[in-house]
Every structure is written in structure tokens, then in C-alpha cells.
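Below is one structure, written out as C-alpha cells; comments come after it.
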Amino acid sequence: MQTILLYAVLLLLVVAFLFPLLWMIVSSFKNEAQIFADLRSFKAFIPTSFSLVNYRQVFTRIPFLHYMWTSVLYVTLIMLFGLLVNALAAYAFARMEFKGRDVLFSVVVALIIVPFESVLLPLYIVVDEFGWLNSYTGLIVPFIANAFNIFMFRQFFLNLPRELEESARMDGASILRIFFQIVVPISKPVFTTVGILTFITHWGDFMWPLIMTTDDRVRPLQVGMQFFFHQPPVQYGQVMAALTMATLPLLFVFIFFQRYIIQGIAQSGMKN
């Protein structure tokens, strides 16, 4: 009975989370009048018509493919550089002995709970002083190092057997060679997990790109889509079409890589 009740609650939660997504997708194929006419009935979730007009108009009103490419580029670079930097930092915390290591790691963990809004203004001032406004550098560099990702990597590395590393060290291998040739190949689950979580997190970035970019050349998709609200008339069918296309990469990543996320988190453990 408890199992049935649990599955019933989970099913209700799934439906609750899927309804907005389903409404967005269905509305993207409707004209403006139909979207608002169907809001008070289940027709809002049923495709009563099928038209690609909204999708064509999205590409007409904004440089959608350019915004999409900008988002893919800067999120991918954050992910790749972040994997390297955070993994190296975590390996140092997990395997190297140095003065103040535990205190420094405690500071890193404490940074996880610091809201981004509290450092937004100081970060903007620093980026401005470096001359990185309206540049990919300003979009990417501040988010390469990530406290939570360092924590994830460290927990995984602590659970790895030391024997392989000690054998390589006895054969004269340097710490970097041990890391790249031994640790990285056997740590694919956590690398995949951290990479996917980083992609999902930064794909939806809005506040930071909004305040530090004024040039469409470097603006990502989430900021570029604000054109639909700033240039009247607001056509919600076009908004839904743009949002649907912007959501597709996340759905693709989640559907095809969700097992790696679960596996990586499970294998990271919570060892101190």
C-alpha cells in the first residue's frame, strides 16, 4: 500500500512538472487567438491545430541561430575549462598535503551557499576593470572555477584506490602524469556528471549576460529572446516557439545522459 501511495504521489509530481512544458510546446503551434481562447479548458494542452508560422517568425524577428550558437559556445567553454580547473583543484585537496588545506577546502565548501546576487556587483566591477565587458572572456572566465564542482570531484577522488597512484609514483611518474593518465580515465562518471550539471546550469544564465553585454554579437539566447517583450506587439505564440527551441538542448542532455548523472552522484559518495 505504501509503495502504491508513493508511486501515486510521484506521478502527480511528474504531471505537475510536465504540464507547463506541455502547454508551452502545444501553444507554440497555435495562433494568438487560440492560445488565450483555450486557457480555461484542457484544450490548452491539446494541439487543436498545427502550424509552423510561429517558428518561422522567430527566425525573422531575431537572429535566433546566432544567439543559439553564442549560448552553445560559451556554455561549452565554461564546461570544458571548468572540468580541467575544478578537477585539478579537487585532486590537490584529495591527495596532496599542504599547510592550510583543510581550512582552504572549508572556505570552498562555504562558497557553495553564497548567492550569486551578493557578488554580482563586485564581479561586474572586476570584469569592467579588466576590460572584459561585451566579450566572451567576461562571460566565461568568472564561472570556470566552481565550489560545488570542486566538492563533487574531491568526494569522488577520495573514494579511488590509492594503490594505482602509489605504483605510478614509485615508477617515477609526476603528479600531473598520474592525474591525466590514471585518475582521469577511471573518473569518467564524475567528469560526465559535472559536465552535464554545468551545461544545464549555465544554459539558462540570464542575469549576468544581461548586465555585462550590450552587443548582440556576444549575447546568448536567453537575453536575445527578450526582444519579443521589448518590441511590441508581444506575440506569445512566437515566445512559446522560441522557448521550445531553447529548451530542446536541455531535454536532449537530460534524456540521453540522466543515467550518468545518477551514476556519478552515487559514486561520489560523502566520504570526508
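Within each chain, counting starts at residue 1; across the C-alpha cells, chains are named A, B, ... in the order shown, with ligands numbered 1 upward in that order.
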
* To do: Just list the residues in range 80-151 of chain A DSSP gives helix (DSSP H, G or I) on the backbone, as a PyMOL selection string.
  => chain A and resi 80-95+101-111+116-129+136-143+147-151

* What's the 10 Å shell around Pro209 in chain A, counting only C-alpha atoms, without same-chain residues fewer than 5 positions away, as a list in words? ->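 In the requested form, the answer reads Leu133, Asn134, Ser135, Tyr136, Gly138, Leu139, Thr214, Val218, Arg219, Pro220, Leu221, Gln222, Val223 and Gly224 of chain A.
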
Which polymer residues have any atom within 8 Å of an atom of Val58 in chain A, counting only C-alpha atoms, with same-chain residues fewer than 2 positions away left out, as a CSV table (one decimal) with C-alpha atoms, in the first residue's frame?
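Written file, around21.csv:
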chain,number,residue,atom,x,y,z
A,54,ASN,CA,5.4,31.0,-35.1
A,55,TYR,CA,8.7,29.2,-35.7
A,56,ARG,CA,9.3,30.9,-39.0
A,60,THR,CA,12.5,36.5,-39.0
A,61,ARG,CA,12.3,38.7,-35.9
A,62,ILE,CA,15.6,37.8,-34.2
A,64,PHE,CA,17.9,33.1,-33.4
A,238,GLN,CA,6.4,33.3,-31.1
A,239,VAL,CA,7.6,33.4,-27.5
A,241,ALA,CA,8.1,28.7,-30.2
A,242,ALA,CA,11.4,30.4,-29.2

Write out as JSON lines the residues of range 92-136 of chain A that have any atom within 12 Å of an atom of range 158-167 of chain A, one row each with the nearest atom pair and its distance in Å to one decimal, counting only C-alpha atoms, sorted by chain and then rising number.
{"residue": "A:Ala92", "atom": "CA", "partner": "A:Leu158", "partner_atom": "CA", "distance": 10.8}
{"residue": "A:Phe93", "atom": "CA", "partner": "A:Leu158", "partner_atom": "CA", "distance": 9.3}
{"residue": "A:Ala94", "atom": "CA", "partner": "A:Leu158", "partner_atom": "CA", "distance": 5.7}
{"residue": "A:Arg95", "atom": "CA", "partner": "A:Leu158", "partner_atom": "CA", "distance": 7.8}
{"residue": "A:Met96", "atom": "CA", "partner": "A:Leu158", "partner_atom": "CA", "distance": 11.3}

* Asked: Rounded to one decimal in Å, what is the spacing between CA of Phe157 in chain A and CA of Ala87 in chain A?
  -> 9.2 Å

* **Selection: 12 Å around Ser51 in chain A, only C-alpha atoms, excl. self and same-chain fewer than 3 positions, as a PyMOL selection string** => chain A and resi 25-32+34+47-48+54-57+237-238+241

Show me, as JSON lines, the residues of range 147-204 of chain A having an atom within 8 Å of range 67-81 of chain A, each with the closest atom pair and its distance in Å, using only C-alpha atoms.
{"residue": "A:Gly195", "atom": "CA", "partner": "A:Met79", "partner_atom": "CA", "distance": 5.7}
{"residue": "A:Thr198", "atom": "CA", "partner": "A:Met79", "partner_atom": "CA", "distance": 5.9}
{"residue": "A:Phe199", "atom": "CA", "partner": "A:Val75", "partner_atom": "CA", "distance": 6.1}
{"residue": "A:His202", "atom": "CA", "partner": "A:Val75", "partner_atom": "CA", "distance": 6.0}
{"residue": "A:Trp203", "atom": "CA", "partner": "A:Val75", "partner_atom": "CA", "distance": 6.3}

* To do: Please provide as a ChimeraX atom specification all residues within 12 Å of Asn149 in chain A, with the sequence filter that same-chain residues fewer than 5 positions apart are discarded (counting only C-alpha atoms).
  => /A:79,82-91,108-109,111-112,143-144,154-156,190-198,201,264-265,268
